[in-house]
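Here's the structure, in structure tokens; my notes come after.
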Amino acid sequence: MSVGVKIFVSILAGLGAGVGTGFAGMSAAAVISPMLIIFLKLPAYDAIGIALASDVLASAISAASYGKNKKIDLNNGSIMMFVVMVFAIVGSFFGQLMPDNEMGVISLVMMLILGVKFLIKPIMAPKAALEQRSRAKMIFFSVLCGIPVGFVCGFVGAGGGMMMLLVLTVFLGYGLKTAVGTSVFIMTFTALTGALTHFWRSTNEPDWACLITCVVSTLAFAWLSSLIANRSDPKLLNRIVGVVLLIIGATMTVFKLVIG
């Protein structure tokens with residue numbers, strides 16, 4: 001496959017991933033992994049490594065934007081971050097055993113489900129009752145929920161950010177923007193851990209054209225999206241991300257059915 005095609009697909013992947021990361025704290029890998037697997041036929045394990053590498057800087061720049069607006073809870077998020085990082089490594093080891101086709105299908109289905117979720121039932125600020133969690137309960141839920149979040153992040157290379165967002169809003173009582181800010185802060189470190197583990201265990205040399213293009217484009221679009229997100233209505237943000245995910249997911253579904 002030509003370098004031009006790789007760069008074009010990688011830019012589109014970075015667009016979708018950056019919008020999802022900056023607007024809703026979604027793992028960039030939820031978009032990048034299936035696009036590289038389906039469109040470019042990259043091995044699933046290598047595609048996930050590229051996706052996680054793209055997640056690092058994209059999450060970091062988004063976290064910086066949310067941090068400037070005081071939308072990150074470092075104290076309560078640090079416990080979950082540690083648990084997620086540990087189990088992201090565990091999930092990464094098991095992820096190498098997943099066949100390429102099945103990995104692409106899983107990532108694609110997850111993307112479509114998330115797109116519908118955003119449109120039908122946007123993630124908004126939780127009820128006031130959920131905001132009165134004791135410190136002990138917050139620690140308990142951080143550890144309990146951090147285990148599957150980390151494993152899924154490392155195993156599939158996607159979903160960690162969205163799972164964290166749901167945990168932070170529903171179980172820990174965060175408002176949407178603070179949940180997104182805390183989520184991308186945690187994802188910066190978990191994605192770094194997962195990416196390093198994937199590249200270390202992979203038997204193939206990274207596709208440098210895809211890697212560099214995905215990292216740069218995801219970073220740029222995540223930065224722009226996070227700036228907009230901090231000044232926008234949460235419900236509108238959910239709608240935008242939902243539409244983007246469904247468009248990308250539908251396009252990849254057609255491509256997979258026609259070309260295979």
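Every chain in the structure tokens has a letter given in the order shown (A, B, ...), and although residue numbers restart at 1 in each chain, ligands are simply numbered from 1 in the order shown.
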
For Ala13 in chain A, please output as a compact mmCIF listing (two decimals) with N, CA, C and O atoms, in the first residue's frame all residues within 9 Å (counting only C-alpha atoms; exclusion window: fewer than 2 positions along the same chain).
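After the write, selection_19.txt holds the following:
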```txt
# COMPACT_ATOMS: atom_id res chain seq x y z
N PHE A 8 -3.16 9.50 4.30
CA PHE A 8 -4.54 9.99 4.20
C PHE A 8 -5.44 9.32 5.24
O PHE A 8 -6.20 9.99 5.96
N VAL A 9 -5.36 8.00 5.34
CA VAL A 9 -6.18 7.26 6.30
C VAL A 9 -5.79 7.64 7.73
O VAL A 9 -6.65 7.80 8.60
N SER A 10 -4.51 7.83 7.96
CA SER A 10 -4.03 8.18 9.30
C SER A 10 -4.51 9.57 9.73
O SER A 10 -4.82 9.79 10.90
N ILE A 11 -4.59 10.49 8.77
CA ILE A 11 -5.10 11.83 9.08
C ILE A 11 -6.58 11.75 9.46
O ILE A 11 -7.03 12.38 10.42
N LEU A 15 -8.30 12.69 12.97
CA LEU A 15 -9.43 13.61 13.10
C LEU A 15 -10.48 13.05 14.03
O LEU A 15 -10.92 13.70 14.98
N GLY A 16 -10.91 11.81 13.75
CA GLY A 16 -11.93 11.20 14.60
C GLY A 16 -11.46 10.99 16.02
O GLY A 16 -12.19 11.24 16.99
N ALA A 17 -10.22 10.55 16.16
CA ALA A 17 -9.67 10.29 17.50
C ALA A 17 -9.49 11.58 18.28
O ALA A 17 -9.79 11.65 19.48
N GLY A 18 -9.00 12.62 17.62
CA GLY A 18 -8.78 13.89 18.30
C GLY A 18 -10.07 14.53 18.78
O GLY A 18 -10.14 15.06 19.90
N ALA A 28 -8.24 7.67 22.12
CA ALA A 28 -8.02 7.83 20.68
C ALA A 28 -7.97 6.49 19.97
O ALA A 28 -8.28 6.37 18.79
N VAL A 31 -10.88 4.89 17.80
CA VAL A 31 -11.06 5.23 16.39
C VAL A 31 -9.89 4.74 15.55
O VAL A 31 -10.07 4.16 14.47
N ILE A 32 -8.68 4.96 16.04
CA ILE A 32 -7.49 4.67 15.25
C ILE A 32 -7.31 3.17 15.00
O ILE A 32 -7.01 2.74 13.89
N SER A 33 -7.48 2.36 16.05
CA SER A 33 -7.26 0.91 15.91
C SER A 33 -8.08 0.29 14.78
O SER A 33 -7.51 -0.34 13.87
N MET A 35 -9.58 1.66 12.25
CA MET A 35 -9.30 2.26 10.94
C MET A 35 -8.02 1.69 10.35
O MET A 35 -7.96 1.37 9.15
N LEU A 36 -6.99 1.56 11.15
CA LEU A 36 -5.72 1.03 10.65
C LEU A 36 -5.85 -0.46 10.32
O LEU A 36 -5.24 -0.94 9.35
N CYS A 214 -0.47 9.64 12.61
CA CYS A 214 -1.53 9.48 13.61
C CYS A 214 -1.24 10.31 14.86
O CYS A 214 -2.14 10.98 15.40
N SER A 217 -1.62 14.22 13.84
CA SER A 217 -2.99 14.63 13.54
C SER A 217 -3.90 14.50 14.75
O SER A 217 -4.74 15.39 15.01
N THR A 218 -3.74 13.44 15.53
CA THR A 218 -4.56 13.27 16.74
C THR A 218 -4.26 14.39 17.73
O THR A 218 -5.18 14.94 18.35
N ILE A 248 -17.78 7.60 10.88
CA ILE A 248 -16.57 6.80 10.69
C ILE A 248 -16.90 5.31 10.76
O ILE A 248 -16.44 4.51 9.94
```

Test item: residues at most 9 Å from range 183-197 of chain A, only C-alpha atoms, excluding those fewer than 4 positions along its chain, as a JSON list (two decimals) with N, CA, C and O atoms, in the first residue's frame:
```json
[["chain", "number", "residue", "atom", "x", "y", "z"],
["A", 21, "THR", "N", -11.29, 12.52, 21.80],
["A", 21, "THR", "CA", -10.47, 12.76, 22.99],
["A", 21, "THR", "C", -10.74, 14.14, 23.57],
["A", 21, "THR", "O", -10.95, 14.29, 24.77],
["A", 22, "GLY", "N", -10.70, 15.16, 22.73],
["A", 22, "GLY", "CA", -10.86, 16.53, 23.22],
["A", 22, "GLY", "C", -12.25, 16.84, 23.71],
["A", 22, "GLY", "O", -12.41, 17.56, 24.70],
["A", 24, "ALA", "N", -14.81, 14.44, 24.60],
["A", 24, "ALA", "CA", -15.46, 13.52, 25.55],
["A", 24, "ALA", "C", -14.51, 12.63, 26.33],
["A", 24, "ALA", "O", -14.95, 11.71, 27.01],
["A", 25, "GLY", "N", -13.20, 12.87, 26.25],
["A", 25, "GLY", "CA", -12.27, 12.06, 27.01],
["A", 25, "GLY", "C", -12.18, 10.63, 26.51],
["A", 25, "GLY", "O", -11.75, 9.74, 27.24],
["A", 26, "MET", "N", -12.56, 10.40, 25.29],
["A", 26, "MET", "CA", -12.54, 9.05, 24.72],
["A", 26, "MET", "C", -11.13, 8.66, 24.32],
["A", 26, "MET", "O", -10.35, 9.51, 23.87],
["A", 27, "SER", "N", -10.78, 7.41, 24.49],
["A", 27, "SER", "CA", -9.48, 6.93, 24.05],
["A", 27, "SER", "C", -9.36, 7.09, 22.54],
["A", 27, "SER", "O", -10.24, 6.69, 21.79],
["A", 48, "ILE", "N", -2.86, -1.29, 17.45],
["A", 48, "ILE", "CA", -3.19, -0.84, 18.80],
["A", 48, "ILE", "C", -2.02, -0.10, 19.41],
["A", 48, "ILE", "O", -2.19, 0.91, 20.12],
["A", 49, "GLY", "N", -0.79, -0.56, 19.13],
["A", 49, "GLY", "CA", 0.38, 0.15, 19.63],
["A", 49, "GLY", "C", 0.45, 1.56, 19.09],
["A", 49, "GLY", "O", 0.73, 2.52, 19.83],
["A", 50, "ILE", "N", 0.19, 1.73, 17.79],
["A", 50, "ILE", "CA", 0.17, 3.06, 17.18],
["A", 50, "ILE", "C", -0.94, 3.91, 17.79],
["A", 50, "ILE", "O", -0.75, 5.11, 18.07],
["A", 51, "ALA", "N", -2.10, 3.30, 17.98],
["A", 51, "ALA", "CA", -3.24, 4.02, 18.54],
["A", 51, "ALA", "C", -2.94, 4.51, 19.96],
["A", 51, "ALA", "O", -3.25, 5.66, 20.32],
["A", 52, "LEU", "N", -2.36, 3.65, 20.76],
["A", 52, "LEU", "CA", -2.03, 4.04, 22.14],
["A", 52, "LEU", "C", -0.94, 5.12, 22.16],
["A", 52, "LEU", "O", -0.98, 6.03, 23.00],
["A", 53, "ALA", "N", 0.02, 5.02, 21.24],
["A", 53, "ALA", "CA", 1.06, 6.05, 21.15],
["A", 53, "ALA", "C", 0.44, 7.41, 20.80],
["A", 53, "ALA", "O", 0.83, 8.46, 21.32],
["A", 54, "SER", "N", -0.56, 7.38, 19.90],
["A", 54, "SER", "CA", -1.25, 8.62, 19.53],
["A", 54, "SER", "C", -2.04, 9.18, 20.71],
["A", 54, "SER", "O", -2.22, 10.40, 20.83],
["A", 55, "ASP", "N", -2.51, 8.27, 21.55],
["A", 55, "ASP", "CA", -3.30, 8.67, 22.72],
["A", 55, "ASP", "C", -2.49, 9.48, 23.72],
["A", 55, "ASP", "O", -3.04, 10.31, 24.44],
["A", 56, "VAL", "N", -1.20, 9.22, 23.80],
["A", 56, "VAL", "CA", -0.37, 9.82, 24.85],
["A", 56, "VAL", "C", -0.37, 11.35, 24.76],
["A", 56, "VAL", "O", -0.79, 12.06, 25.68],
["A", 57, "LEU", "N", 0.11, 11.89, 23.63],
["A", 57, "LEU", "CA", 0.20, 13.33, 23.49],
["A", 57, "LEU", "C", -1.17, 13.98, 23.37],
["A", 57, "LEU", "O", -1.38, 15.10, 23.87],
["A", 58, "ALA", "N", -2.10, 13.29, 22.70],
["A", 58, "ALA", "CA", -3.45, 13.83, 22.55],
["A", 58, "ALA", "C", -4.12, 14.00, 23.91],
["A", 58, "ALA", "O", -4.74, 15.03, 24.19],
["A", 59, "SER", "N", -3.99, 12.99, 24.76],
["A", 59, "SER", "CA", -4.57, 13.07, 26.11],
["A", 59, "SER", "C", -3.86, 14.12, 26.94],
["A", 59, "SER", "O", -4.49, 14.86, 27.71],
["A", 60, "ALA", "N", -2.54, 14.21, 26.77],
["A", 60, "ALA", "CA", -1.76, 15.18, 27.55],
["A", 60, "ALA", "C", -2.14, 16.61, 27.20],
["A", 60, "ALA", "O", -2.32, 17.45, 28.10],
["A", 61, "ILE", "N", -2.28, 16.91, 25.91],
["A", 61, "ILE", "CA", -2.62, 18.28, 25.51],
["A", 61, "ILE", "C", -4.05, 18.62, 25.91],
["A", 61, "ILE", "O", -4.35, 19.75, 26.30],
["A", 62, "SER", "N", -4.94, 17.63, 25.86],
["A", 62, "SER", "CA", -6.32, 17.85, 26.30],
["A", 62, "SER", "C", -6.37, 18.07, 27.80],
["A", 62, "SER", "O", -7.08, 18.95, 28.29],
["A", 63, "ALA", "N", -5.59, 17.28, 28.54],
["A", 63, "ALA", "CA", -5.54, 17.43, 30.00],
["A", 63, "ALA", "C", -5.01, 18.81, 30.39],
["A", 63, "ALA", "O", -5.50, 19.42, 31.35],
["A", 64, "ALA", "N", -4.03, 19.30, 29.64],
["A", 64, "ALA", "CA", -3.49, 20.62, 29.92],
["A", 64, "ALA", "C", -4.55, 21.70, 29.75],
["A", 64, "ALA", "O", -4.66, 22.64, 30.55],
["A", 66, "TYR", "N", -7.88, 21.27, 29.96],
["A", 66, "TYR", "CA", -8.87, 21.15, 31.04],
["A", 66, "TYR", "C", -8.28, 21.60, 32.37],
["A", 66, "TYR", "O", -8.98, 22.17, 33.21],
["A", 67, "GLY", "N", -6.98, 21.34, 32.56],
["A", 67, "GLY", "CA", -6.33, 21.76, 33.79],
["A", 67, "GLY", "C", -6.31, 23.27, 33.96],
["A", 67, "GLY", "O", -6.48, 23.79, 35.07],
["A", 72, "ILE", "N", -9.76, 19.23, 36.45],
["A", 72, "ILE", "CA", -9.11, 17.95, 36.71],
["A", 72, "ILE", "C", -9.03, 17.73, 38.22],
["A", 72, "ILE", "O", -8.62, 18.62, 38.96],
["A", 74, "LEU", "N", -6.98, 15.78, 40.61],
["A", 74, "LEU", "CA", -5.77, 14.99, 40.70],
["A", 74, "LEU", "C", -5.78, 14.03, 41.89],
["A", 74, "LEU", "O", -5.29, 12.90, 41.80],
["A", 77, "GLY", "N", -8.28, 11.06, 41.29],
["A", 77, "GLY", "CA", -7.98, 10.35, 40.06],
["A", 77, "GLY", "C", -6.68, 9.56, 40.11],
["A", 77, "GLY", "O", -6.47, 8.65, 39.31],
["A", 78, "SER", "N", -5.80, 9.87, 41.07],
["A", 78, "SER", "CA", -4.49, 9.22, 41.11],
["A", 78, "SER", "C", -4.59, 7.73, 41.45],
["A", 78, "SER", "O", -3.81, 6.91, 40.95],
["A", 80, "MET", "N", -7.13, 5.60, 40.78],
["A", 80, "MET", "CA", -7.59, 4.87, 39.61],
["A", 80, "MET", "C", -6.48, 4.80, 38.56],
["A", 80, "MET", "O", -6.32, 3.78, 37.88],
["A", 81, "MET", "N", -5.72, 5.86, 38.41],
["A", 81, "MET", "CA", -4.64, 5.89, 37.43],
["A", 81, "MET", "C", -3.64, 4.75, 37.68],
["A", 81, "MET", "O", -3.25, 4.04, 36.76],
["A", 82, "PHE", "N", -3.27, 4.55, 38.95],
["A", 82, "PHE", "CA", -2.32, 3.49, 39.28],
["A", 82, "PHE", "C", -2.89, 2.11, 38.95],
["A", 82, "PHE", "O", -2.22, 1.27, 38.33],
["A", 84, "VAL", "N", -5.36, 1.34, 36.85],
["A", 84, "VAL", "CA", -5.55, 1.20, 35.41],
["A", 84, "VAL", "C", -4.22, 0.91, 34.72],
["A", 84, "VAL", "O", -4.14, 0.07, 33.80],
["A", 85, "MET", "N", -3.16, 1.58, 35.13],
["A", 85, "MET", "CA", -1.84, 1.36, 34.52],
["A", 85, "MET", "C", -1.37, -0.08, 34.70],
["A", 85, "MET", "O", -0.87, -0.71, 33.77],
["A", 86, "VAL", "N", -1.56, -0.62, 35.90],
["A", 86, "VAL", "CA", -1.13, -1.99, 36.18],
["A", 86, "VAL", "C", -1.88, -2.99, 35.31],
["A", 86, "VAL", "O", -1.28, -3.87, 34.67],
["A", 88, "ALA", "N", -3.52, -2.35, 32.56],
["A", 88, "ALA", "CA", -3.30, -2.11, 31.13],
["A", 88, "ALA", "C", -2.14, -2.97, 30.64],
["A", 88, "ALA", "O", -2.16, -3.48, 29.51],
["A", 89, "ILE", "N", -1.13, -3.14, 31.48],
["A", 89, "ILE", "CA", 0.00, -4.00, 31.13],
["A", 89, "ILE", "C", -0.46, -5.45, 31.02],
["A", 89, "ILE", "O", -0.11, -6.16, 30.08],
["A", 91, "GLY", "N", -3.51, -6.53, 30.38],
["A", 91, "GLY", "CA", -4.36, -6.66, 29.19],
["A", 91, "GLY", "C", -3.56, -6.67, 27.91],
["A", 91, "GLY", "O", -3.91, -7.35, 26.95],
["A", 92, "SER", "N", -2.45, -5.92, 27.89],
["A", 92, "SER", "CA", -1.61, -5.87, 26.70],
["A", 92, "SER", "C", -1.00, -7.22, 26.38],
["A", 92, "SER", "O", -0.88, -7.60, 25.21],
["A", 93, "PHE", "N", -0.62, -7.96, 27.40],
["A", 93, "PHE", "CA", -0.04, -9.29, 27.19],
["A", 93, "PHE", "C", -1.07, -10.23, 26.56],
["A", 93, "PHE", "O", -0.77, -11.00, 25.65],
["A", 150, "GLY", "N", -8.52, -0.79, 32.95],
["A", 150, "GLY", "CA", -7.14, -0.99, 32.55],
["A", 150, "GLY", "C", -6.98, -2.20, 31.64],
["A", 150, "GLY", "O", -6.26, -2.15, 30.63],
["A", 153, "CYS", "N", -8.37, -1.46, 28.19],
["A", 153, "CYS", "CA", -7.49, -0.51, 27.52],
["A", 153, "CYS", "C", -6.28, -1.22, 26.92],
["A", 153, "CYS", "O", -5.89, -0.96, 25.79],
["A", 154, "GLY", "N", -5.67, -2.12, 27.68],
["A", 154, "GLY", "CA", -4.51, -2.83, 27.20],
["A", 154, "GLY", "C", -4.83, -3.94, 26.23],
["A", 154, "GLY", "O", -4.09, -4.19, 25.27],
["A", 157, "GLY", "N", -7.11, -1.98, 23.31],
["A", 157, "GLY", "CA", -6.52, -0.73, 22.88],
["A", 157, "GLY", "C", -7.55, 0.36, 22.69],
["A", 157, "GLY", "O", -7.31, 1.36, 22.04],
["A", 160, "GLY", "N", -10.92, 2.53, 27.13],
["A", 160, "GLY", "CA", -10.51, 2.92, 28.47],
["A", 160, "GLY", "C", -11.00, 4.29, 28.87],
["A", 160, "GLY", "O", -11.48, 4.50, 29.98],
["A", 161, "GLY", "N", -10.88, 5.25, 27.94],
["A", 161, "GLY", "CA", -11.31, 6.60, 28.25],
["A", 161, "GLY", "C", -12.79, 6.70, 28.51],
["A", 161, "GLY", "O", -13.24, 7.36, 29.45],
["A", 162, "MET", "N", -13.60, 6.03, 27.66],
["A", 162, "MET", "CA", -15.04, 6.10, 27.84],
["A", 162, "MET", "C", -15.48, 5.37, 29.09],
["A", 162, "MET", "O", -16.40, 5.82, 29.79],
["A", 164, "MET", "N", -13.76, 5.05, 31.80],
["A", 164, "MET", "CA", -13.40, 5.92, 32.92],
["A", 164, "MET", "C", -14.39, 7.07, 33.05],
["A", 164, "MET", "O", -14.74, 7.48, 34.16],
["A", 165, "LEU", "N", -14.82, 7.60, 31.92],
["A", 165, "LEU", "CA", -15.78, 8.70, 31.96],
["A", 165, "LEU", "C", -17.07, 8.26, 32.63],
["A", 165, "LEU", "O", -17.64, 8.99, 33.46],
["A", 168, "LEU", "N", -16.39, 7.84, 36.42],
["A", 168, "LEU", "CA", -16.22, 9.11, 37.12],
["A", 168, "LEU", "C", -17.55, 9.86, 37.28],
["A", 168, "LEU", "O", -17.76, 10.53, 38.30],
["A", 178, "THR", "N", -15.32, 17.95, 34.37],
["A", 178, "THR", "CA", -14.29, 17.49, 35.30],
["A", 178, "THR", "C", -13.98, 16.02, 35.07],
["A", 178, "THR", "O", -12.82, 15.59, 35.17],
["A", 179, "ALA", "N", -15.00, 15.24, 34.72],
["A", 179, "ALA", "CA", -14.79, 13.83, 34.42],
["A", 179, "ALA", "C", -13.94, 13.66, 33.17],
["A", 179, "ALA", "O", -13.03, 12.82, 33.13],
["A", 201, "ARG", "N", 6.74, -5.78, 23.01],
["A", 201, "ARG", "CA", 6.39, -7.17, 22.75],
["A", 201, "ARG", "C", 6.16, -7.47, 21.26],
["A", 201, "ARG", "O", 6.17, -8.63, 20.87],
["A", 202, "SER", "N", 5.96, -6.44, 20.46],
["A", 202, "SER", "CA", 5.69, -6.67, 19.04],
["A", 202, "SER", "C", 6.93, -7.20, 18.32],
["A", 202, "SER", "O", 8.05, -6.78, 18.59]]
```

Mind pulling up the distance from CA of Ala29 in chain A to CA of Val170 in chain A?
->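 Interatomic distance, CA of Val170 in chain A to CA of Ala29 in chain A: 23.0 Å.
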
Quick one: pull the distance between CA of Leu176 in chain A and CA of Arg231 in chain A, Å, one decimal.
-> 12.9 Å

Atom-to-atom span, CA of Lys68 in chain A and CA of Leu119 in chain A, Å =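 Distance between the two atoms: 28.3 Å.
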
What are the DSSP alpha helix (DSSP H) residues of range 33-235 of chain A, as an MDAnalysis selection string?
-> chainID A and resid 33:40 44:68 74:95 100:120 135:156 160:166 176:201 208:229 234:235

Of the residues A:Ile139, A:Cys145, A:Leu237, A:Val152, which is the one nearest to Lys177 in chain A, using only C-alpha atoms?
-> A:Leu237

Spatial neighbours of Lys235 in chain A, 12 Å, only C-alpha atoms, chain gap at least 6 places, as an mmCIF file with N, CA, C and O atoms, in the first residue's frame:
```cif
data_model
loop_
_atom_site.group_PDB
_atom_site.id
_atom_site.type_symbol
_atom_site.label_atom_id
_atom_site.label_comp_id
_atom_site.auth_asym_id
_atom_site.auth_seq_id
_atom_site.Cartn_x
_atom_site.Cartn_y
_atom_site.Cartn_z
ATOM 1 N N PHE A 23 -13.282 16.299 23.059
ATOM 2 C CA PHE A 23 -14.657 16.586 23.442
ATOM 3 C C PHE A 23 -15.165 15.729 24.597
ATOM 4 O O PHE A 23 -15.888 16.209 25.456
ATOM 5 N N ALA A 24 -14.809 14.436 24.601
ATOM 6 C CA ALA A 24 -15.459 13.525 25.551
ATOM 7 C C ALA A 24 -14.505 12.628 26.328
ATOM 8 O O ALA A 24 -14.950 11.708 27.005
ATOM 9 N N PHE A 118 -23.929 8.302 22.572
ATOM 10 C CA PHE A 118 -23.802 9.758 22.662
ATOM 11 C C PHE A 118 -25.046 10.470 22.136
ATOM 12 O O PHE A 118 -25.465 11.494 22.687
ATOM 13 N N LEU A 119 -25.631 9.941 21.065
ATOM 14 C CA LEU A 119 -26.777 10.600 20.461
ATOM 15 C C LEU A 119 -28.066 10.375 21.249
ATOM 16 O O LEU A 119 -28.852 11.301 21.453
ATOM 17 N N ILE A 120 -28.294 9.137 21.675
ATOM 18 C CA ILE A 120 -29.540 8.799 22.351
ATOM 19 C C ILE A 120 -29.549 9.226 23.819
ATOM 20 O O ILE A 120 -30.528 9.784 24.311
ATOM 21 N N LYS A 121 -28.445 8.967 24.504
ATOM 22 C CA LYS A 121 -28.383 9.277 25.927
ATOM 23 C C LYS A 121 -27.061 9.940 26.254
ATOM 24 O O LYS A 121 -26.119 9.286 26.711
ATOM 25 N N PRO A 122 -26.963 11.242 26.048
ATOM 26 C CA PRO A 122 -25.714 11.951 26.315
ATOM 27 C C PRO A 122 -25.285 11.812 27.775
ATOM 28 O O PRO A 122 -26.113 11.723 28.678
ATOM 29 N N ILE A 123 -23.970 11.781 27.989
ATOM 30 C CA ILE A 123 -23.433 11.713 29.346
ATOM 31 C C ILE A 123 -23.387 13.124 29.903
ATOM 32 O O ILE A 123 -22.576 13.945 29.504
ATOM 33 N N MET A 124 -24.267 13.396 30.841
ATOM 34 C CA MET A 124 -24.352 14.715 31.447
ATOM 35 C C MET A 124 -23.891 14.638 32.894
ATOM 36 O O MET A 124 -23.486 13.591 33.384
ATOM 37 N N ALA A 125 -23.978 15.752 33.596
ATOM 38 C CA ALA A 125 -23.613 15.774 35.009
ATOM 39 C C ALA A 125 -24.563 14.866 35.784
ATOM 40 O O ALA A 125 -25.757 14.806 35.505
ATOM 41 N N LEU A 176 -19.554 16.500 34.085
ATOM 42 C CA LEU A 176 -19.040 16.003 32.813
ATOM 43 C C LEU A 176 -17.663 16.547 32.475
ATOM 44 O O LEU A 176 -16.749 15.791 32.145
ATOM 45 N N LYS A 177 -17.476 17.852 32.548
ATOM 46 C CA LYS A 177 -16.198 18.429 32.132
ATOM 47 C C LYS A 177 -15.061 18.019 33.063
ATOM 48 O O LYS A 177 -13.941 17.755 32.605
ATOM 49 N N ALA A 229 -14.376 22.498 23.618
ATOM 50 C CA ALA A 229 -15.176 21.793 24.626
ATOM 51 C C ALA A 229 -15.304 22.575 25.923
ATOM 52 O O ALA A 229 -16.367 22.575 26.558
ATOM 53 N N VAL A 241 -19.706 14.367 18.922
ATOM 54 C CA VAL A 241 -18.890 13.153 18.974
ATOM 55 C C VAL A 241 -19.678 11.948 18.462
ATOM 56 O O VAL A 241 -19.149 11.100 17.743
ATOM 57 N N GLY A 242 -20.964 11.864 18.828
ATOM 58 C CA GLY A 242 -21.795 10.756 18.365
ATOM 59 C C GLY A 242 -21.886 10.703 16.858
ATOM 60 O O GLY A 242 -21.767 9.634 16.247
#
```

Do you know which residues are at most 7 Å from range 114-117 of chain A counting only C-alpha atoms, after dropping those on the same chain fewer than 6 positions away, and could you put them as a list in words?
->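 Residues meeting the cut-off are Gly242, Val243, Leu245 and Leu246 of chain A.
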